[in-house]
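Colleague: To start, I am sharing the structure in question, which I have written as structure tokens.
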Amino acid sequence: MSRVIAVYNQKGGVAKTTTAVNLAAYLALAGKKVLVVDFDPQANASSALGYPAKDNFESVYHGIFNLTEVEKLIKPTSLYNYHLLPASQHLAGALIELVEVNEREFQLKKLIDRIREQYDYILIDLPPSLSLLTVNGLIAADEVLIPIQSHYLSLEGLNQLLEVVDMIKNNLSSNLNIAGAVITMYDENEKLSQELAEQLKASFPYHIFETMIPRSASLAEAPSFGRPAVLHDPISDGAKAYEQLAREILARENL
């Protein structure tokens with residue numbers, strides 16, 4: 001049975017796209033068929049996988065408005081069994097256009113439901129904001145994975161994020177679960193990082209993955225080459241961390 005996981009934090013700069021792209025890569029290497037859905041108008045996940053956004057680029061935008069069959073929009077990546085449903089600059093206009101659409105909050109879910117059984121994992125990379133696009137992504141998902149930077153400001157927004165999830169579950173007939181939080185940009189030599197990790201473990205009411213993603217130059221560099229870290233620098237600490245995170249995700253398949 002497929003799992004649809006939204007990767008979301010309303011705060012930017014927490015390695016949300018880095019997590020979606022690299023976690024998906026290691027799930028594919030573990031033998032799973034994986035799709036990343038880039039639902040962020042900035043299209044960073046698309047660029048990181050070799051498909052920079054262009055005005056004439058058919059994308060997930062064309063799928064949610066039934067302008068193109070979804071199967072024709074899906075792109076291969078440099079890894080076997082790892083596909084991308086890209087974003088484009090058109091997606092920025094969807095915020096306005098969706099307002100006039102019936103069941104506007106469910107357009108991405110309808111699109112993903114057409115293809116979800118073709119994949120073991122579908123990861124949705126969402127924009128770092130609360131908008132109609134975000135609501136679409138959370139409703140389309142079974143679970144939400146929350147990357148949290150080891151920084152005080154990241155912790156401050158957590159309660160609001162959890163309130164958003166509860167609102168969607170209570171008001172929009174969603175069965176969305178919280179898969180857990182993953183700590184990103186962690187510096188094991190920095191006392192502040194250690195303190196914040198401990199604070200999160202003490203206060204966060206849901207699962208926290210044991211793997212903590214370190215600050216890594218290789219993770220930052222890989223998108224400029226249009227490929228995940230495993231193909232850029234597989235022995236880097238950042239790549240190894242996402243490999244371990246993928247193992248944790250897989251271990252929790254039947255929970």
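Letters for chains follow the order of the structure tokens (A, B, ...), residue numbers begin at 1 for each chain, and ligand numbers begin at 1 in the order shown.
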Determine which residues of range 124-171 of chain A DSSP labels as alpha helix (DSSP H) from the backbone of this structure, then write them out as a list in words.

Modeller: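 After running DSSP on the backbone, range 124-171 of chain A has alpha helix (DSSP H) at Leu132, Leu133, Thr134, Val135, Asn136, Gly137, Leu138, Ile139, Ala140, Tyr152, Leu153, Ser154, Leu155, Glu156, Leu158, Asn159, Gln160, Leu161, Leu162, Glu163, Val164, Val165, Asp166, Met167, Ile168, Lys169, Asn170 and Asn171 of chain A.
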
Colleague: Point out the residue among A:Pro205, A:Gly137, A:Pro76, A:Pro214 with the least atom-to-atom distance to Gln149 in chain A, counting only C-alpha atoms.

Modeller: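 Closest candidate: A:Pro214.
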
Colleague: Using only C-alpha atoms, which residue out of A:Ile122, A:Leu132, A:Arg114, A:Val144 lies closest to Glu97 in chain A?

Modeller: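 Among A:Ile122, A:Leu132, A:Arg114, A:Val144, it is A:Leu132 that comes nearest to Glu97 in chain A.
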
Colleague: Mind listing the strand (DSSP E) residues of range 18-206 of chain A, per DSSP on the backbone, as number ranges by chain?

Modeller: A: 34-38, 75-76, 82-85, 121-125, 143-149, 177-186

Colleague: So that I have them on file, write out the residues from the current selection with N, CA and C atoms, as a CSV table (one decimal), in the first residue's frame.

Modeller:
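File again_29.csv, as written:
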```csv
chain,number,residue,atom,x,y,z
A,34,VAL,N,9.2,5.6,-6.1
A,34,VAL,CA,9.0,6.8,-5.4
A,34,VAL,C,8.7,8.0,-6.4
A,35,LEU,N,7.8,8.8,-6.0
A,35,LEU,CA,7.5,10.1,-6.7
A,35,LEU,C,7.6,11.3,-5.8
A,36,VAL,N,8.3,12.3,-6.2
A,36,VAL,CA,8.3,13.6,-5.5
A,36,VAL,C,7.4,14.5,-6.3
A,37,VAL,N,6.4,15.1,-5.6
A,37,VAL,CA,5.5,16.1,-6.2
A,37,VAL,C,6.0,17.4,-5.7
A,38,ASP,N,6.4,18.3,-6.6
A,38,ASP,CA,6.9,19.6,-6.2
A,38,ASP,C,5.7,20.5,-6.3
A,75,LYS,N,8.2,13.0,-14.7
A,75,LYS,CA,9.6,13.0,-15.3
A,75,LYS,C,10.5,12.0,-14.6
A,76,PRO,N,11.4,11.4,-15.4
A,76,PRO,CA,12.3,10.5,-14.7
A,76,PRO,C,13.4,11.3,-14.1
A,82,TYR,N,12.7,6.5,-9.4
A,82,TYR,CA,12.6,7.8,-8.7
A,82,TYR,C,12.1,8.8,-9.8
A,83,HIS,N,10.9,9.2,-9.6
A,83,HIS,CA,10.2,10.1,-10.6
A,83,HIS,C,9.9,11.4,-9.9
A,84,LEU,N,9.6,12.4,-10.8
A,84,LEU,CA,9.3,13.8,-10.3
A,84,LEU,C,8.0,14.3,-11.0
A,85,LEU,N,7.1,14.8,-10.3
A,85,LEU,CA,6.0,15.6,-10.8
A,85,LEU,C,6.4,17.1,-10.6
A,121,TYR,N,5.9,5.2,-2.4
A,121,TYR,CA,6.0,6.4,-1.7
A,121,TYR,C,5.8,7.6,-2.6
A,122,ILE,N,4.9,8.5,-2.2
A,122,ILE,CA,4.8,9.8,-2.8
A,122,ILE,C,5.1,10.9,-1.8
A,123,LEU,N,6.1,11.7,-2.1
A,123,LEU,CA,6.5,12.8,-1.2
A,123,LEU,C,6.1,14.1,-1.8
A,124,ILE,N,5.4,14.9,-1.0
A,124,ILE,CA,5.0,16.2,-1.5
A,124,ILE,C,5.8,17.3,-0.9
A,125,ASP,N,6.5,18.1,-1.7
A,125,ASP,CA,7.3,19.2,-1.2
A,125,ASP,C,6.4,20.5,-1.2
A,143,GLU,N,0.3,11.5,5.7
A,143,GLU,CA,1.1,11.8,6.8
A,143,GLU,C,1.9,13.1,6.5
A,144,VAL,N,2.3,13.8,7.5
A,144,VAL,CA,3.2,14.9,7.4
A,144,VAL,C,4.5,14.7,8.1
A,145,LEU,N,5.6,14.9,7.4
A,145,LEU,CA,6.9,14.9,8.0
A,145,LEU,C,7.4,16.3,8.2
A,146,ILE,N,7.8,16.6,9.4
A,146,ILE,CA,8.1,18.0,9.7
A,146,ILE,C,9.7,18.2,9.9
A,147,PRO,N,10.4,18.8,9.0
A,147,PRO,CA,11.8,19.1,9.3
A,147,PRO,C,11.9,20.3,10.2
A,148,ILE,N,12.7,20.2,11.2
A,148,ILE,CA,12.8,21.3,12.2
A,148,ILE,C,14.3,21.7,12.4
A,149,GLN,N,14.6,22.9,12.0
A,149,GLN,CA,16.0,23.3,12.2
A,149,GLN,C,16.3,23.5,13.7
A,177,ASN,N,-2.1,12.1,9.5
A,177,ASN,CA,-1.3,11.8,10.7
A,177,ASN,C,0.0,12.5,10.6
A,178,ILE,N,0.6,12.7,11.8
A,178,ILE,CA,2.0,13.2,11.8
A,178,ILE,C,3.0,12.1,11.9
A,179,ALA,N,3.7,11.9,10.8
A,179,ALA,CA,4.7,10.9,10.8
A,179,ALA,C,5.8,11.2,11.8
A,180,GLY,N,6.1,12.4,12.0
A,180,GLY,CA,7.1,12.8,13.0
A,180,GLY,C,7.9,14.0,12.6
A,181,ALA,N,8.9,14.4,13.4
A,181,ALA,CA,9.7,15.5,13.2
A,181,ALA,C,11.2,15.0,13.0
A,182,VAL,N,11.9,15.6,12.1
A,182,VAL,CA,13.3,15.3,11.9
A,182,VAL,C,14.1,16.6,12.1
A,183,ILE,N,15.1,16.5,12.9
A,183,ILE,CA,15.9,17.7,13.2
A,183,ILE,C,17.0,17.9,12.1
A,184,THR,N,17.0,19.1,11.6
A,184,THR,CA,17.9,19.4,10.5
A,184,THR,C,18.9,20.5,10.9
A,185,MET,N,20.0,20.6,10.1
A,185,MET,CA,21.1,21.6,10.3
A,185,MET,C,21.6,21.5,11.7
A,186,TYR,N,21.8,20.2,12.1
A,186,TYR,CA,22.3,20.0,13.5
A,186,TYR,C,23.8,20.0,13.5
```

Colleague: Could you tell me which of A:Ser218, A:Arg247, A:Tyr80, A:Lys240 comes closest to Lys33 in chain A if we count only C-alpha atoms?

Modeller: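 Using only C-alpha atoms, the shortest distance to Lys33 in chain A belongs to A:Tyr80.
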
Colleague: Nearest to Gly13 in chain A: which of A:Gly238, A:Ser150, A:Tyr206, A:Glu248 is it, counting only C-alpha atoms?

Modeller: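 Looking only at the distances to Gly13 in chain A, the closest residue turns out to be A:Ser150.
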
Colleague: Pick out the residues sitting within 12 Å of Lys109 in chain A, and hand them over as a PyMOL selection string; count only C-alpha atoms, and ignore anything fewer than 5 positions along from it in its own chain.

Modeller: chain A and resi 4-6+37+39+60+63-64+103-104+114-116+122+124+133-142+174

Colleague: Counting only C-alpha atoms, what is within 12 Å of Ala92 in chain A, bar same-chain residues fewer than 4 positions away, as a ChimeraX atom specification?

Modeller: /A:39-43,53,55,59-61,87-88,96-98,127,131-133

Colleague: Output C-alpha atoms for every residue in that selection, as a CSV table (one decimal), in the first residue's frame.

Modeller:
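Saved the output as part-v9.csv:
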```csv
chain,number,residue,atom,x,y,z
A,39,PHE,CA,4.0,21.8,-5.1
A,40,ASP,CA,6.0,24.9,-4.2
A,41,PRO,CA,5.9,27.7,-6.8
A,42,GLN,CA,9.6,28.3,-6.2
A,43,ALA,CA,10.1,24.9,-7.8
A,53,ALA,CA,11.1,25.9,-13.9
A,55,ASP,CA,7.4,29.5,-18.5
A,59,SER,CA,3.9,20.8,-14.6
A,60,VAL,CA,1.7,19.8,-11.7
A,61,TYR,CA,-0.2,23.0,-12.3
A,87,ALA,CA,6.4,22.6,-10.5
A,88,SER,CA,6.6,25.6,-12.8
A,96,ILE,CA,-5.9,32.8,-7.4
A,97,GLU,CA,-7.4,30.4,-9.9
A,98,LEU,CA,-8.2,27.8,-7.3
A,127,PRO,CA,5.7,25.8,0.2
A,131,SER,CA,-2.0,28.9,1.8
A,132,LEU,CA,-4.5,27.1,-0.4
A,133,LEU,CA,-1.6,25.2,-2.0
```

Colleague: Calculate how many Å separate CA of Tyr51 in chain A from CA of Lys32 in chain A, rounding to one decimal.

Modeller: 22.0 Å

Colleague: By how many Å are CA of Arg227 in chain A and CA of Thr77 in chain A apart?

Modeller: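 Separation of CA of Arg227 in chain A and CA of Thr77 in chain A: 8.0 Å.
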
Colleague: Can you work out which one of A:Asn159, A:Gln107, A:Asn102, A:Asn56 has the shortest atom-to-atom distance to Asn9 in chain A, counting only C-alpha atoms?

Modeller: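 For Asn9 in chain A, the nearest of the candidates is A:Asn159.
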
Colleague: Counting only C-alpha atoms, what is within 8 Å of Gln10 in chain A, bar same-chain residues fewer than 4 positions away, as a PyMOL selection string?

Modeller: chain A and resi 127-130+157+161

Colleague: Counting only C-alpha atoms, which of A:Arg252, A:Lys72, A:Lys11, A:His232 gets nearest to Leu126 in chain A?

Modeller: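 Looking at the shortest contact to Leu126 in chain A, the residue is A:Lys11.
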
Colleague: Report the distance between CA of Glu198 in chain A and CA of Leu162 in chain A in Å, rounded to one decimal place.

Modeller: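 Separating CA of Glu198 in chain A from CA of Leu162 in chain A is a distance of 19.2 Å.
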